[in-house]
$ cat run04.cif   # mmCIF, C-alpha atoms
data_work
#
loop_
_atom_site.label_atom_id
_atom_site.label_comp_id
_atom_site.auth_asym_id
_atom_site.auth_seq_id
_atom_site.Cartn_x
_atom_site.Cartn_y
_atom_site.Cartn_z
CA MET A 1 -10.68 -43.14 -52.63
CA ALA A 2 -13.51 -41.24 -51.03
CA GLY A 3 -16.12 -43.90 -51.55
CA ALA A 4 -16.81 -46.73 -53.89
CA ALA A 5 -16.43 -45.73 -57.51
CA SER A 6 -19.53 -46.09 -59.58
CA TRP A 7 -19.53 -47.96 -62.84
CA SER A 8 -21.73 -48.02 -65.85
CA PHE A 9 -22.18 -50.05 -68.96
CA SER A 10 -23.40 -49.09 -72.37
CA GLU A 11 -25.95 -50.83 -74.55
CA ASN A 12 -23.09 -52.27 -76.53
CA ASP A 13 -21.50 -53.80 -73.41
CA PHE A 14 -24.89 -55.18 -72.51
CA LYS A 15 -25.29 -56.78 -75.94
CA GLN A 16 -21.89 -58.44 -75.74
CA ILE A 17 -22.60 -59.78 -72.27
CA GLN A 18 -25.93 -61.19 -73.42
CA GLN A 19 -24.40 -62.84 -76.46
CA HIS A 20 -21.74 -64.58 -74.37
CA LEU A 21 -24.32 -65.74 -71.88
CA GLN A 22 -26.69 -67.00 -74.56
CA ALA A 23 -23.90 -68.98 -76.19
CA PHE A 24 -22.99 -70.41 -72.80
CA LEU A 25 -26.58 -71.49 -72.10
CA ARG A 26 -26.79 -73.18 -75.50
CA ASP A 27 -23.52 -75.07 -74.94
CA SER A 28 -24.17 -76.07 -71.35
CA ASN A 29 -27.90 -76.73 -71.55
CA ALA A 30 -28.38 -74.75 -68.34
CA ARG A 31 -31.69 -72.97 -67.79
CA CYS A 32 -30.75 -69.47 -66.84
CA ALA A 33 -27.72 -67.28 -66.22
CA LEU A 34 -27.64 -64.15 -64.10
CA LEU A 35 -24.89 -61.64 -63.62
CA VAL A 36 -24.82 -59.97 -60.24
CA ASP A 37 -22.36 -57.36 -59.13
CA ARG A 38 -20.50 -57.87 -55.86
CA THR A 39 -22.57 -55.25 -54.11
CA GLY A 40 -25.74 -57.24 -54.80
CA GLN A 41 -27.16 -55.56 -57.86
CA LEU A 42 -28.53 -57.53 -60.76
CA VAL A 43 -26.68 -56.73 -63.97
CA ALA A 44 -28.21 -59.10 -66.53
CA THR A 45 -30.45 -62.13 -66.88
CA VAL A 46 -30.45 -64.50 -69.83
CA GLY A 47 -32.44 -67.68 -70.49
CA ASP A 48 -35.68 -68.77 -68.83
CA PRO A 49 -36.97 -65.78 -66.87
CA PRO A 50 -36.57 -66.58 -63.15
CA GLN A 51 -39.82 -67.39 -61.34
CA PHE A 52 -38.57 -65.71 -58.16
CA ASP A 53 -37.70 -62.21 -56.96
CA ALA A 54 -34.50 -61.62 -58.93
CA THR A 55 -33.54 -58.49 -57.00
CA ALA A 56 -33.63 -60.29 -53.66
CA PHE A 57 -31.89 -63.25 -55.26
CA ALA A 58 -29.06 -60.96 -56.43
CA SER A 59 -28.49 -59.46 -52.99
CA LEU A 60 -28.39 -62.91 -51.38
CA THR A 61 -26.02 -64.18 -54.06
CA ALA A 62 -23.57 -61.37 -53.40
CA ALA A 63 -23.77 -62.00 -49.66
CA ASP A 64 -23.29 -65.73 -50.21
CA PHE A 65 -20.23 -65.15 -52.38
CA SER A 66 -18.72 -62.58 -50.00
CA ALA A 67 -19.26 -64.82 -46.99
CA ASN A 68 -17.57 -67.68 -48.80
CA ASP A 69 -14.67 -65.39 -49.72
CA GLN A 70 -14.10 -64.77 -46.04
CA LEU A 71 -14.40 -68.47 -45.27
CA ALA A 72 -11.76 -69.15 -47.92
CA LYS A 73 -9.38 -66.69 -46.28
CA MET A 74 -9.97 -68.31 -42.90
CA ILE A 75 -8.83 -71.68 -44.17
CA GLY A 76 -5.83 -70.15 -45.91
CA GLU A 77 -7.19 -69.91 -49.46
CA HIS A 78 -7.04 -66.68 -51.39
CA GLU A 79 -10.61 -67.14 -52.63
CA PHE A 80 -13.15 -69.67 -53.83
CA ALA A 81 -13.42 -68.65 -57.47
CA SER A 82 -16.54 -70.77 -57.89
CA LEU A 83 -19.25 -72.27 -55.72
CA VAL A 84 -21.84 -74.96 -56.24
CA HIS A 85 -25.16 -75.41 -54.47
CA GLN A 86 -26.65 -78.73 -55.41
CA GLY A 87 -30.30 -79.51 -54.85
CA GLU A 88 -32.40 -82.53 -55.63
CA LYS A 89 -33.72 -81.07 -58.87
CA GLU A 90 -32.44 -77.51 -59.15
CA SER A 91 -28.83 -76.48 -58.68
CA MET A 92 -26.70 -73.36 -58.85
CA PHE A 93 -23.19 -72.73 -60.00
CA LEU A 94 -21.53 -69.41 -59.12
CA ALA A 95 -18.28 -68.08 -60.50
CA ASP A 96 -16.26 -64.93 -60.06
CA VAL A 97 -15.92 -62.61 -63.06
CA ALA A 98 -13.22 -59.93 -63.05
CA LYS A 99 -13.39 -59.73 -59.23
CA ARG A 100 -16.38 -57.44 -59.51
CA VAL A 101 -19.22 -59.55 -60.82
CA ILE A 102 -20.64 -63.01 -60.13
CA LEU A 103 -21.97 -65.34 -62.79
CA VAL A 104 -24.86 -67.38 -61.43
CA VAL A 105 -26.03 -70.35 -63.43
CA LEU A 106 -29.27 -72.17 -62.65
CA PHE A 107 -29.50 -75.67 -64.01
CA ASP A 108 -31.51 -78.85 -63.60
CA GLN A 109 -31.32 -82.51 -64.59
CA ARG A 110 -31.19 -81.68 -68.29
CA THR A 111 -27.45 -81.16 -67.88
CA THR A 112 -24.64 -82.07 -65.50
CA LEU A 113 -22.51 -80.11 -63.09
CA GLY A 114 -19.42 -81.17 -65.04
CA LEU A 115 -20.69 -79.68 -68.29
CA VAL A 116 -21.83 -76.46 -66.59
CA LYS A 117 -18.42 -76.09 -64.94
CA LEU A 118 -16.56 -76.81 -68.16
CA LYS A 119 -18.55 -74.45 -70.34
CA GLY A 120 -18.72 -71.96 -67.48
CA LYS A 121 -14.96 -71.65 -67.49
CA GLY A 122 -14.95 -70.53 -71.12
CA ALA A 123 -17.82 -68.11 -70.53
CA VAL A 124 -16.03 -66.58 -67.54
CA GLU A 125 -12.92 -65.98 -69.62
CA LYS A 126 -14.94 -64.16 -72.28
CA LEU A 127 -16.84 -62.12 -69.70
CA ASN A 128 -13.59 -61.28 -67.91
CA LYS A 129 -12.42 -59.59 -71.10
CA VAL A 130 -15.63 -57.61 -71.55
CA PHE A 131 -15.59 -56.38 -67.95
CA ALA A 132 -11.86 -55.62 -67.93
CA GLU A 133 -12.38 -53.37 -70.94
CA MET A 134 -15.42 -51.78 -69.35
CA PHE A 135 -13.64 -51.04 -66.07
CA ASN A 136 -10.57 -49.70 -67.85
CA ARG A 137 -12.78 -47.30 -69.72
CA VAL A 138 -14.58 -46.19 -66.56
CA GLY A 139 -11.28 -45.71 -64.76
CA ALA A 140 -9.89 -43.72 -67.67
CA GLY A 141 -10.67 -40.35 -66.19
CA PRO A 142 -13.30 -37.69 -65.72
CA ALA A 143 -14.55 -38.15 -69.27
CA ALA A 144 -15.86 -41.60 -68.37
CA PRO A 145 -19.47 -41.94 -69.46
CA GLU A 146 -21.02 -42.36 -66.02
CA LYS A 147 -19.63 -39.11 -64.68
CA GLY A 148 -22.27 -36.51 -64.20
CA VAL A 149 -25.05 -38.71 -65.53
CA LEU A 150 -27.36 -36.44 -63.56
CA GLU A 151 -25.33 -33.31 -64.19
CA GLY A 152 -27.49 -30.24 -63.98
CA ALA A 153 -30.38 -32.31 -62.64
CA GLU A 154 -30.28 -30.78 -59.13
CA ASP A 155 -33.72 -29.27 -59.65
CA GLU A 156 -35.17 -32.60 -60.70
CA ILE A 157 -33.56 -34.27 -57.69
CA ASP A 158 -35.02 -31.63 -55.37
CA LYS A 159 -38.41 -32.05 -57.00
CA LEU A 160 -38.30 -35.82 -56.58
CA PHE A 161 -38.04 -35.34 -52.83
CA GLY A 162 -40.60 -32.57 -52.69
CA MET B 1 -20.92 -48.09 -55.80
CA SER B 2 -23.78 -46.76 -57.84
CA MET B 3 -24.38 -48.79 -60.96
CA ILE B 4 -25.72 -47.07 -64.03
CA ASN B 5 -27.34 -49.28 -66.64
CA TYR B 6 -27.76 -47.37 -69.87
CA ALA B 7 -29.49 -50.32 -71.50
CA SER B 8 -32.35 -50.45 -69.00
CA ARG B 9 -32.03 -46.77 -68.00
CA GLU B 10 -31.57 -47.51 -64.33
CA ILE B 11 -29.42 -46.08 -61.58
CA ASN B 12 -28.90 -48.47 -58.67
CA CYS B 13 -27.54 -47.21 -55.37
CA LYS B 14 -26.78 -48.95 -52.10
CA LEU B 15 -27.72 -47.45 -48.74
CA VAL B 16 -26.67 -49.04 -45.47
CA TYR B 17 -28.32 -48.48 -42.10
CA TYR B 18 -25.63 -48.90 -39.46
CA GLY B 19 -25.71 -48.64 -35.69
CA PRO B 20 -25.78 -50.49 -32.37
CA GLY B 21 -27.95 -53.54 -31.73
CA LEU B 22 -31.64 -52.90 -31.01
CA GLY B 23 -31.25 -49.28 -32.16
CA GLY B 24 -34.05 -49.46 -34.76
CA LYS B 25 -32.34 -50.14 -38.09
CA THR B 26 -34.66 -52.98 -39.02
CA THR B 27 -37.63 -50.96 -37.74
CA ASN B 28 -36.73 -48.19 -40.21
CA LEU B 29 -36.83 -50.66 -43.09
CA GLU B 30 -40.02 -52.30 -41.87
CA HIS B 31 -41.75 -48.95 -41.74
CA ILE B 32 -40.64 -48.11 -45.27
CA TYR B 33 -41.75 -51.54 -46.44
CA GLY B 34 -45.16 -51.05 -44.87
CA LYS B 35 -45.76 -47.57 -46.23
CA VAL B 36 -44.35 -47.66 -49.74
CA SER B 37 -46.65 -48.85 -52.52
CA PRO B 38 -45.93 -52.47 -53.49
CA ASN B 39 -45.42 -51.24 -57.08
CA THR B 40 -42.36 -49.29 -56.09
CA ARG B 41 -40.69 -51.69 -53.72
CA GLY B 42 -39.51 -55.27 -53.80
CA LYS B 43 -39.72 -57.97 -51.24
CA MET B 44 -38.05 -57.41 -47.88
CA ILE B 45 -35.49 -60.08 -47.08
CA SER B 46 -34.44 -60.58 -43.47
CA LEU B 47 -31.67 -62.92 -42.49
CA ALA B 48 -32.47 -63.02 -38.81
CA THR B 49 -32.08 -65.38 -35.87
CA GLU B 50 -35.04 -67.11 -34.28
CA THR B 51 -35.38 -64.21 -31.89
CA GLU B 52 -35.61 -61.80 -34.83
CA ARG B 53 -32.21 -60.27 -34.28
CA THR B 54 -30.53 -59.48 -37.59
CA LEU B 55 -27.97 -62.17 -38.31
CA PHE B 56 -26.57 -61.09 -41.67
CA PHE B 57 -28.70 -58.27 -43.07
CA ASP B 58 -32.15 -57.02 -43.99
CA PHE B 59 -32.64 -55.98 -47.57
CA LEU B 60 -35.29 -53.85 -49.22
CA PRO B 61 -35.20 -52.46 -52.77
CA VAL B 62 -37.17 -49.22 -53.32
CA ASP B 63 -37.77 -47.17 -56.48
CA LEU B 64 -37.72 -43.49 -55.69
CA GLY B 65 -38.72 -42.06 -59.06
CA THR B 66 -37.30 -41.13 -62.43
CA ILE B 67 -34.69 -38.48 -63.13
CA ARG B 68 -33.52 -37.65 -66.63
CA GLY B 69 -35.26 -40.78 -67.83
CA PHE B 70 -33.34 -42.96 -65.39
CA LYS B 71 -35.24 -45.02 -62.86
CA THR B 72 -33.58 -44.48 -59.48
CA ARG B 73 -33.54 -47.69 -57.49
CA PHE B 74 -32.17 -47.76 -53.97
CA HIS B 75 -31.13 -50.95 -52.25
CA LEU B 76 -31.55 -50.53 -48.52
CA TYR B 77 -29.53 -52.76 -46.23
CA THR B 78 -29.22 -53.00 -42.47
CA VAL B 79 -26.26 -54.58 -40.73
CA PRO B 80 -26.40 -56.76 -37.62
CA GLY B 81 -25.81 -54.41 -34.70
CA GLN B 82 -24.46 -56.90 -32.23
CA VAL B 83 -20.74 -56.45 -31.70
CA TYR B 84 -19.72 -60.02 -32.50
CA TYR B 85 -21.15 -59.98 -36.01
CA ASN B 86 -18.47 -57.70 -37.36
CA ALA B 87 -17.42 -59.97 -40.23
CA SER B 88 -20.88 -59.91 -41.80
CA ARG B 89 -21.32 -56.22 -40.96
CA LYS B 90 -18.20 -55.38 -42.90
CA LEU B 91 -19.31 -57.38 -45.93
CA ILE B 92 -22.49 -55.37 -46.24
CA LEU B 93 -20.52 -52.12 -46.47
CA LYS B 94 -18.88 -53.23 -49.69
CA GLY B 95 -19.80 -50.78 -52.44
CA VAL B 96 -21.95 -48.58 -50.21
CA ASP B 97 -23.14 -45.24 -51.65
CA GLY B 98 -24.68 -43.71 -48.55
CA ILE B 99 -24.86 -44.45 -44.84
CA VAL B 100 -27.45 -43.81 -42.18
CA PHE B 101 -26.17 -44.27 -38.66
CA VAL B 102 -29.16 -45.10 -36.47
CA ALA B 103 -28.23 -44.08 -32.93
CA ASP B 104 -30.21 -45.20 -29.90
CA SER B 105 -30.96 -42.00 -27.97
CA GLN B 106 -31.24 -43.70 -24.58
CA ILE B 107 -28.55 -42.54 -22.16
CA GLU B 108 -27.80 -46.15 -21.26
CA ARG B 109 -26.93 -46.90 -24.89
CA MET B 110 -24.42 -44.09 -25.30
CA GLU B 111 -21.43 -46.39 -24.98
CA ALA B 112 -22.91 -48.83 -27.51
CA ASN B 113 -23.48 -45.93 -29.94
CA VAL B 114 -19.92 -44.71 -29.63
CA GLU B 115 -18.53 -48.21 -30.05
CA SER B 116 -20.64 -48.80 -33.17
CA MET B 117 -19.63 -45.44 -34.66
CA GLN B 118 -15.98 -46.25 -34.10
CA ASN B 119 -16.55 -49.64 -35.69
CA LEU B 120 -18.15 -47.96 -38.72
CA TYR B 121 -15.15 -45.67 -39.18
CA ASP B 122 -12.80 -48.65 -38.84
CA ASN B 123 -14.68 -50.86 -41.29
CA MET B 124 -14.99 -48.07 -43.83
CA SER B 125 -11.32 -47.24 -43.69
CA GLU B 126 -10.44 -50.91 -44.19
CA TYR B 127 -12.18 -50.67 -47.57
CA GLY B 128 -10.40 -47.38 -48.24
CA TYR B 129 -13.67 -45.42 -48.03
CA ASP B 130 -13.67 -42.05 -46.32
CA LEU B 131 -16.79 -41.50 -44.25
CA THR B 132 -16.32 -37.74 -44.32
CA LYS B 133 -16.52 -37.74 -48.11
CA ILE B 134 -19.51 -39.94 -48.87
CA PRO B 135 -23.18 -39.23 -48.10
CA PHE B 136 -23.53 -39.92 -44.39
CA ILE B 137 -26.25 -38.91 -41.98
CA ILE B 138 -27.11 -39.69 -38.38
CA GLN B 139 -30.59 -40.53 -37.17
CA TYR B 140 -31.18 -40.08 -33.44
CA ASN B 141 -33.88 -42.65 -32.86
CA LYS B 142 -36.23 -43.28 -29.89
CA ARG B 143 -36.63 -39.57 -29.19
CA ASP B 144 -39.94 -40.31 -27.43
CA LEU B 145 -38.38 -42.23 -24.57
CA PRO B 146 -38.07 -40.50 -21.20
CA ASN B 147 -34.44 -41.56 -20.85
CA ALA B 148 -33.44 -40.08 -24.23
CA ALA B 149 -30.23 -38.06 -23.95
CA PRO B 150 -30.32 -34.41 -25.09
CA ILE B 151 -29.39 -33.91 -28.75
CA ARG B 152 -26.41 -31.75 -27.85
CA ASP B 153 -24.91 -34.59 -25.78
CA LEU B 154 -25.47 -37.07 -28.59
CA GLN B 155 -23.95 -34.67 -31.10
CA ALA B 156 -20.94 -34.10 -28.86
CA SER B 157 -20.30 -37.85 -28.57
CA LEU B 158 -21.24 -39.12 -32.00
CA ASN B 159 -20.94 -36.18 -34.35
CA PRO B 160 -18.22 -33.91 -32.95
CA GLY B 161 -17.04 -33.08 -36.47
CA TRP B 162 -13.94 -33.56 -38.54
CA PRO B 163 -11.40 -30.97 -39.66
CA ILE B 164 -12.04 -29.42 -43.08
CA GLU B 165 -8.67 -28.91 -44.75
CA ASP B 166 -9.89 -28.16 -48.28
CA GLY B 167 -9.95 -24.35 -48.66
CA ALA B 168 -12.81 -24.53 -51.17
CA GLN B 169 -15.07 -26.10 -48.55
CA GLN B 170 -14.13 -23.71 -45.77
CA LYS B 171 -17.28 -21.65 -45.70
CA VAL B 172 -20.08 -21.54 -43.18
CA THR B 173 -22.77 -23.96 -44.36
CA PRO B 174 -26.05 -23.76 -42.48
CA ASP B 175 -27.81 -26.97 -41.55
CA PRO B 176 -31.00 -26.84 -43.68
CA THR B 177 -33.03 -28.80 -41.14
CA HIS B 178 -31.89 -27.12 -37.91
CA ALA B 179 -32.14 -23.35 -37.76
CA GLY B 180 -29.14 -21.66 -36.17
CA GLU B 181 -26.89 -24.70 -36.60
CA ASN B 182 -24.17 -25.23 -39.18
CA LEU B 183 -22.85 -28.28 -40.99
CA ILE B 184 -19.56 -26.54 -41.66
CA GLU B 185 -18.26 -23.81 -39.37
CA ARG B 186 -15.14 -22.38 -37.82
CA ILE B 187 -14.50 -23.26 -34.19
CA ASP B 188 -11.40 -21.93 -32.44
CA ASN B 189 -9.64 -21.20 -35.74
CA GLN B 190 -10.38 -24.66 -37.05
CA TRP B 191 -12.88 -25.43 -39.81
CA VAL B 192 -15.09 -28.33 -38.78
CA GLY B 193 -17.64 -30.35 -40.76
CA ARG B 194 -20.42 -32.50 -39.33
CA ALA B 195 -22.82 -35.09 -40.68
CA PRO B 196 -26.44 -33.93 -41.03
CA TYR B 197 -28.66 -35.38 -38.33
CA LEU B 198 -32.35 -36.09 -37.90
CA GLU B 199 -34.54 -37.07 -34.99
CA ALA B 200 -36.83 -40.08 -35.21
CA VAL B 201 -39.23 -42.40 -33.49
CA ALA B 202 -38.95 -45.27 -35.95
CA VAL B 203 -41.63 -47.47 -34.32
CA ARG B 204 -44.14 -44.72 -35.09
CA GLY B 205 -42.52 -43.91 -38.41
CA ASP B 206 -41.58 -40.38 -37.32
CA GLY B 207 -38.50 -39.21 -39.20
CA VAL B 208 -38.10 -42.47 -41.13
CA PHE B 209 -38.93 -41.08 -44.58
CA ASP B 210 -37.15 -37.80 -43.87
CA THR B 211 -34.03 -39.83 -43.18
CA LEU B 212 -34.40 -41.86 -46.38
CA LYS B 213 -35.07 -38.73 -48.43
CA THR B 214 -32.12 -36.84 -46.98
CA VAL B 215 -29.59 -39.57 -47.61
CA SER B 216 -30.95 -40.53 -51.06
CA LYS B 217 -30.83 -36.92 -52.16
CA LEU B 218 -27.22 -36.65 -51.06
CA VAL B 219 -26.37 -39.82 -52.98
CA LEU B 220 -28.05 -38.63 -56.18
CA LYS B 221 -26.31 -35.28 -55.90
CA THR B 222 -22.96 -37.04 -55.99
CA LEU B 223 -23.94 -38.15 -59.51
CA SER B 224 -24.86 -34.65 -60.62
#
$ encode --input "run04.cif" --output "structure tokens"
Amino acid sequence: MAGAASWSFSENDFKQIQQHLQAFLRDSNARCALLVDRTGQLVATVGDPPQFDATAFASLTAADFSANDQLAKMIGEHEFASLVHQGEKESMFLADVAKRVILVVLFDQRTTLGLVKLKGKGAVEKLNKVFAEMFNRVGAGPAAPEKGVLEGAEDEIDKLFG
Amino acid sequence: MSMINYASREINCKLVYYGPGLGGKTTNLEHIYGKVSPNTRGKMISLATETERTLFFDFLPVDLGTIRGFKTRFHLYTVPGQVYYNASRKLILKGVDGIVFVADSQIERMEANVESMQNLYDNMSEYGYDLTKIPFIIQYNKRDLPNAAPIRDLQASLNPGWPIEDGAQQKVTPDPTHAGENLIERIDNQWVGRAPYLEAVAVRGDGVFDTLKTVSKLVLKTLS
């Protein structure tokens, strides 16, 4: 592999992801769910719009998860598939999805960690399926949709950089 | 790993500024942060020690414009330069689309530059990434200092070139930014490729945007 492969998702993928996340928020009574890819990019947000800088939040989440992965290895675990950060009022639950994406759930006293974890497990399973299909499609070959998204746009790229 | 979101029409790419400690990686980002309109950039996040040395990373998202209806958003990261932070340095490289190696031009820092470059090659290969095949440029920073080493010495140590085995690439490719120099050329019957390089004085902002433009352009061209 020359570099990291890029990946893309269609509007249909996006809709499915949102539906699963909305159902999860309803069932768990959590406030907001974000999906962040392991490189720190925000994929989707569902629920109450975050009142903070979501882009920065996504990069810190990915770093947090990666650092904890390494900590897991140091103590002889393969990984920590989920993490919890518990605050006085606001808390976060993070879970791995398909080894490429992180589900971040923000919740408060309207629910409990137990319920978020329980419902989170089901949501992760559903999301795993969506992402597995998406990655299979991307890895299918040169006809994958993201290839050459800017094909023939060399002039536009040159123009962008004056 | 560029991420293309067809729903929101966005292309997200990750750039990493790598290099030895105190070489100017954070200064590059700070200059960009200070000069770019707040509408086109996000908040700069620095995970630094009390003495402002980068502990984990600095992070700055920047929108560079729209191509084919896609908003191109670049996430700029720096790594901690100090040798003993390798674990966190390696984490930041995950999914990288383009790399800027910020070298400290001072003669006294030559060894630190070489060590950091070697470390970059090692960390990349541990992820299975090939530095000679992804967008990669070198910025020779601190060119204003009296003890700055000549460019040819820096090039010889840090950018000596790699063999080009692919016949299709074996053609003389002039360096667009340095007249009379080539990025790909034949030396003693061997085809050699080198990373593009730029000179900079990051504290004054000289060369900072040229560096960002050069590497971003290379990254976008990999998608075309």
$ atom_distance --input "run04.cif" --atom1 "CA of Val16 (chain B)" --atom2 "CA of Val79 (chain B)"
7.3 Å
$ closest_atom_pairs --input "run04.cif" --of "chain B" --to "chain A" --cutoff "6 Å" --atoms "all atoms listed in the file" --output "CSV"
residue,atom,partner,partner_atom,distance
B:Met1,CA,A:Ser6,CA,4.5
B:Ser2,CA,A:Ser6,CA,4.6
B:Met3,CA,A:Trp7,CA,5.3
B:Ile4,CA,A:Ser8,CA,4.5
B:Asn5,CA,A:Phe9,CA,5.7
B:Tyr6,CA,A:Ser10,CA,5.3
B:Ala7,CA,A:Glu11,CA,4.7
B:Gly95,CA,A:Ala4,CA,5.2
B:Tyr129,CA,A:Gly3,CA,4.6
B:Asp130,CA,A:Ala2,CA,4.8
B:Lys133,CA,A:Ala2,CA,5.5
B:Ile134,CA,A:Gly3,CA,5.9
B:Leu223,CA,A:Gly148,CA,5.2
B:Ser224,CA,A:Glu151,CA,3.8
$ closest_residue --input "run04.cif" --among "A:Asn128, A:Thr112, A:Gln86, A:Gln51" --to "Asn29 (chain A)" --atoms "all atoms listed in the file"
A:Thr112
$ closest_residue --input "run04.cif" --among "A:Glu90, A:Asp96, A:Asp48, A:Glu77" --to "Phe65 (chain A)" --atoms "all atoms listed in the file"
A:Asp96
$ residues_around --input "run04.cif" --residues "Tyr33 (chain B)" --least-positions-apart "3" --cutoff "10 Å" --atoms "only C-alpha atoms" --output "ChimeraX atom specification"
/B:27-30,36-38,40-44,60-62
$ closest_residue --input "run04.cif" --among "B:Cys13, B:Leu22, B:Ala48, B:Leu91" --to "Met124 (chain B)" --atoms "only C-alpha atoms"
B:Leu91
$ atom_distance --input "run04.cif" --atom1 "CA of Gly205 (chain B)" --atom2 "CA of Asn147 (chain B)"
19.5 Å
$ residues_around --input "run04.cif" --residues "region 164-168 of chain B" --least-positions-apart "6" --cutoff "9 Å" --atoms "all atoms listed in the file" --output "VMD selection string"
chain B and resid 184 190 to 193
$ resolve_selection --input "run04.cif" --expression "the PyMOL selection byres ((chain B and resi 215) around 10)" --output "ChimeraX atom specification"
/B:15,97-100,135-138,196,209-214,216-221
$ atom_distance --input "run04.cif" --atom1 "CA of Pro80 (chain B)" --atom2 "CA of Leu120 (chain B)"
12.1 Å
$ closest_residue --input "run04.cif" --among "B:Asn113, B:Asn123, B:Thr54, B:Ser8" --to "Ala87 (chain B)" --atoms "all atoms listed in the file"
B:Asn123
$ resolve_selection --input "run04.cif" --expression "the PyMOL selection byres ((chain A and resi 105) around 8)" --output "PyMOL selection string"
chain A and resi 30-34+92-94+103-104+106-107
$ closest_residue --input "run04.cif" --among "A:Ile17, A:Gln22, A:Lys73, A:Ile102" --to "Ala58 (chain A)" --atoms "only C-alpha atoms"
A:Ile102
$ closest_residue --input "run04.cif" --among "A:Phe24, A:Phe135, A:Phe52, A:Phe80" --to "Gly122 (chain A)" --atoms "only C-alpha atoms"
A:Phe24
$ residues_around --input "run04.cif" --residues "Lys89 (chain A)" --least-positions-apart "4" --cutoff "10 Å" --atoms "all atoms listed in the file" --output "MDAnalysis selection string"
chainID A and resid 107:110
$ resolve_selection --input "run04.cif" --expression "the PyMOL selection byres ((chain B and resi 155-159) around 7)" --output "ChimeraX atom specification"
/B:114,151-154,160-161,194-195
$ residues_near_point --input "run04.cif" --point "(-27.5, -50.7, -38.5)" --cutoff "7 Å" --atoms "only C-alpha atoms" --output "ChimeraX atom specification"
/B:17-20,25,78-81,101-102
